[in-house]
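> What follows is a structure written as structure tokens; I'll ask about it next.
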Amino acid sequence: MNNKAMYALSYGLFVLCARRGEKDNGCITNTAIQVTTTPNRIVVAINKDNYTHDMVRESGRFTLSVLSEEAKFDLFQRFGFQSGRDVDKFAGFEGHTARDGAGVRYVTLGTSAWLSCRVVSATDLGTHTLFLADVEDGDVLSQAPSATYSYYQAHIKPRPAAAAPAQGSKRRWVCKVCGYVYEGEELPADFICPICKHPASDFELLE
């Protein structure tokens, strides 16, 4: 199968936030869709390795901030390229957030809308959990178009250096998610991007 056929599917980009006790956290996701209007429900898929996953599973609540084309790369770095286990993702960023009626933060910078959600059910998908949730509140924050994954790839993610490697130098592999470039004769099968933590399967050889 040509896996690039999957790239033709359209995806949005979102910051999904949760709160457990006094701890706030959030992560980037591209898997969130409305499934019914009556009741108003969405589904989101969260990787089990994400710290936010367990917070949603235990608290039963989350917010979804819909990222717009005005979102900058540093917003993706903050919520997508580091773990809430190690850092406070909201440190110094509180002024660009607000809280819903349940006290869960949502992002107001670079977002077109936000939703406040209560989990109805959870389905184990192996590496991910699919959460079905009622949308209990939300609002429009900006008229800027919502960002798609294709827009992120074309306009937000930094491009790798354009210069070709000199003769005799090592080959270069670029991360399709964040643009990090690995140099070497071969990309190790177990390589993990040091910036966005994506696996070797998300790298491609630079011609």
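Chain identifiers are assigned as A, B, and so on, following the order in which chains appear in the structure tokens; residues are numbered from 1 within each chain, and ligands are numbered from 1 in order of appearance.
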How close does each residue of range 69-134 of chain A get to range 145-160 of chain A, giving the shortest atom pair and distance in Å to one decimal for every residue with an atom at most 12 Å away, counting only C-alpha atoms, sorted by chain and residue number, as CSV?

residue,atom,partner,partner_atom,distance
A:Glu69,CA,A:Ala147,CA,4.7
A:Glu70,CA,A:Ala147,CA,8.1
A:Ala71,CA,A:Ile156,CA,7.9
A:Lys72,CA,A:Ile156,CA,6.5
A:Phe73,CA,A:Ile156,CA,5.8
A:Asp74,CA,A:Ile156,CA,9.6
A:Leu75,CA,A:Ile156,CA,10.3
A:Phe76,CA,A:Lys157,CA,9.0
A:Gln77,CA,A:Lys157,CA,10.1
A:Gly110,CA,A:Ser146,CA,9.4
A:Thr111,CA,A:Ser146,CA,7.6
A:Ser112,CA,A:Ser146,CA,6.1
A:Ala113,CA,A:Ser146,CA,8.7
A:Trp114,CA,A:Ser146,CA,11.5
> Determine, counting only C-alpha atoms, which protein, DNA and RNA residues have an atom within 9 Å of an atom of range 30-46 of chain A; residues of the same chain fewer than 3 positions away are not included. Present the result as a list in words.
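Selected residues are Tyr11, Gly12, Leu13, Phe14, Val15, Cys27, Asp49, Asn50, Thr52, His53, Leu64, Cys117, Leu125, Thr127, His128, Thr129, Leu130, Phe131, Leu132, Ala133, Asp134, Val135, Glu136, Thr148 and Tyr149 of chain A.
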> Got time to write the residues from that selection, N, CA and C atoms, as a short mmCIF file (atom, residue, chain, number, x, y, z; two decimals), in the first residue's frame?

data_model
loop_
_atom_site.label_atom_id
_atom_site.label_comp_id
_atom_site.auth_asym_id
_atom_site.auth_seq_id
_atom_site.Cartn_x
_atom_site.Cartn_y
_atom_site.Cartn_z
N TYR A 11 -7.58 16.90 7.95
CA TYR A 11 -7.52 16.93 9.40
C TYR A 11 -7.51 18.38 9.89
N GLY A 12 -8.14 18.62 11.00
CA GLY A 12 -7.98 19.88 11.69
C GLY A 12 -6.84 19.76 12.69
N LEU A 13 -6.54 20.85 13.38
CA LEU A 13 -5.52 20.85 14.43
C LEU A 13 -6.08 21.53 15.66
N PHE A 14 -5.83 20.93 16.82
CA PHE A 14 -6.48 21.36 18.05
C PHE A 14 -5.52 21.26 19.22
N VAL A 15 -5.77 22.10 20.26
CA VAL A 15 -5.13 21.90 21.55
C VAL A 15 -6.20 21.33 22.48
N CYS A 27 -2.38 19.03 24.97
CA CYS A 27 -1.60 18.40 23.92
C CYS A 27 -2.22 18.74 22.57
N ASP A 49 0.25 7.44 25.31
CA ASP A 49 1.53 7.92 25.84
C ASP A 49 1.45 9.37 26.28
N ASN A 50 0.43 10.10 25.85
CA ASN A 50 0.29 11.50 26.24
C ASN A 50 -0.15 11.62 27.69
N THR A 52 -1.79 13.94 28.93
CA THR A 52 -3.18 14.43 28.93
C THR A 52 -4.18 13.28 28.87
N HIS A 53 -3.79 12.18 28.24
CA HIS A 53 -4.70 11.04 28.10
C HIS A 53 -5.25 10.59 29.44
N LEU A 64 -11.47 21.69 23.96
CA LEU A 64 -10.85 21.59 22.66
C LEU A 64 -10.75 22.99 22.07
N CYS A 117 -16.17 19.97 26.99
CA CYS A 117 -16.72 18.64 26.73
C CYS A 117 -16.69 17.74 27.96
N LEU A 125 -8.45 1.69 21.55
CA LEU A 125 -8.02 1.47 20.17
C LEU A 125 -6.60 0.93 20.10
N THR A 127 -3.18 1.76 20.70
CA THR A 127 -2.25 2.83 21.03
C THR A 127 -2.98 4.08 21.50
N HIS A 128 -4.25 4.22 21.16
CA HIS A 128 -5.05 5.40 21.47
C HIS A 128 -6.34 5.01 22.19
N THR A 129 -6.98 6.00 22.79
CA THR A 129 -8.34 5.84 23.31
C THR A 129 -9.23 6.82 22.56
N LEU A 130 -10.38 6.33 22.12
CA LEU A 130 -11.36 7.18 21.45
C LEU A 130 -12.39 7.61 22.49
N PHE A 131 -12.45 8.91 22.77
CA PHE A 131 -13.39 9.44 23.75
C PHE A 131 -14.59 10.06 23.03
N LEU A 132 -15.78 9.59 23.37
CA LEU A 132 -17.02 10.21 22.91
C LEU A 132 -17.46 11.18 24.00
N ALA A 133 -17.81 12.41 23.60
CA ALA A 133 -18.09 13.44 24.61
C ALA A 133 -19.24 14.34 24.19
N ASP A 134 -20.01 14.77 25.19
CA ASP A 134 -21.03 15.80 25.00
C ASP A 134 -20.36 17.17 24.99
N VAL A 135 -20.74 18.02 24.04
CA VAL A 135 -20.27 19.40 24.02
C VAL A 135 -21.25 20.24 24.84
N GLU A 136 -20.77 20.77 25.97
CA GLU A 136 -21.64 21.48 26.90
C GLU A 136 -21.54 23.00 26.79
N THR A 148 -5.77 23.53 8.94
CA THR A 148 -5.75 22.11 8.63
C THR A 148 -4.33 21.59 8.76
N TYR A 149 -4.19 20.28 8.78
CA TYR A 149 -2.86 19.69 8.84
C TYR A 149 -2.06 20.05 7.59
#
> Go through A:Phe62, A:Tyr180, A:Tyr106, A:Phe191 and flag the residue nearest Leu141 in chain A, using only C-alpha atoms for the distances.
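Checking each candidate against Leu141 in chain A, we get A:Tyr106 as the closest.
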> Give me, as a PyMOL selection string, the residues of range 5-207 of chain A that a backbone DSSP run labels strand (DSSP E).
chain A and resi 14-20+23-29+32-37+40-47+61-67+97-99+105-107+111-124+128-140+171-175+181-184+203-205
> Near range 195-200 of chain A, within 10 Å and counting only C-alpha atoms, which residues show up once chain neighbours fewer than 6 positions away are dropped, as JSON, numbers by chain?
{"A": [76, 77, 79, 80, 81, 82, 83, 173, 174, 175, 176, 177, 178, 179, 180, 187, 188, 189]}
> If I take CA of Ser142 in chain A and CA of Tyr7 in chain A, how far is one from the other in Å, to one decimal?
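If I compute the distance from CA of Ser142 in chain A to CA of Tyr7 in chain A, I get 27.3 Å.
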> CA of Lys23 in chain A and CA of Ser59 in chain A are how many Å apart?
11.4 Å
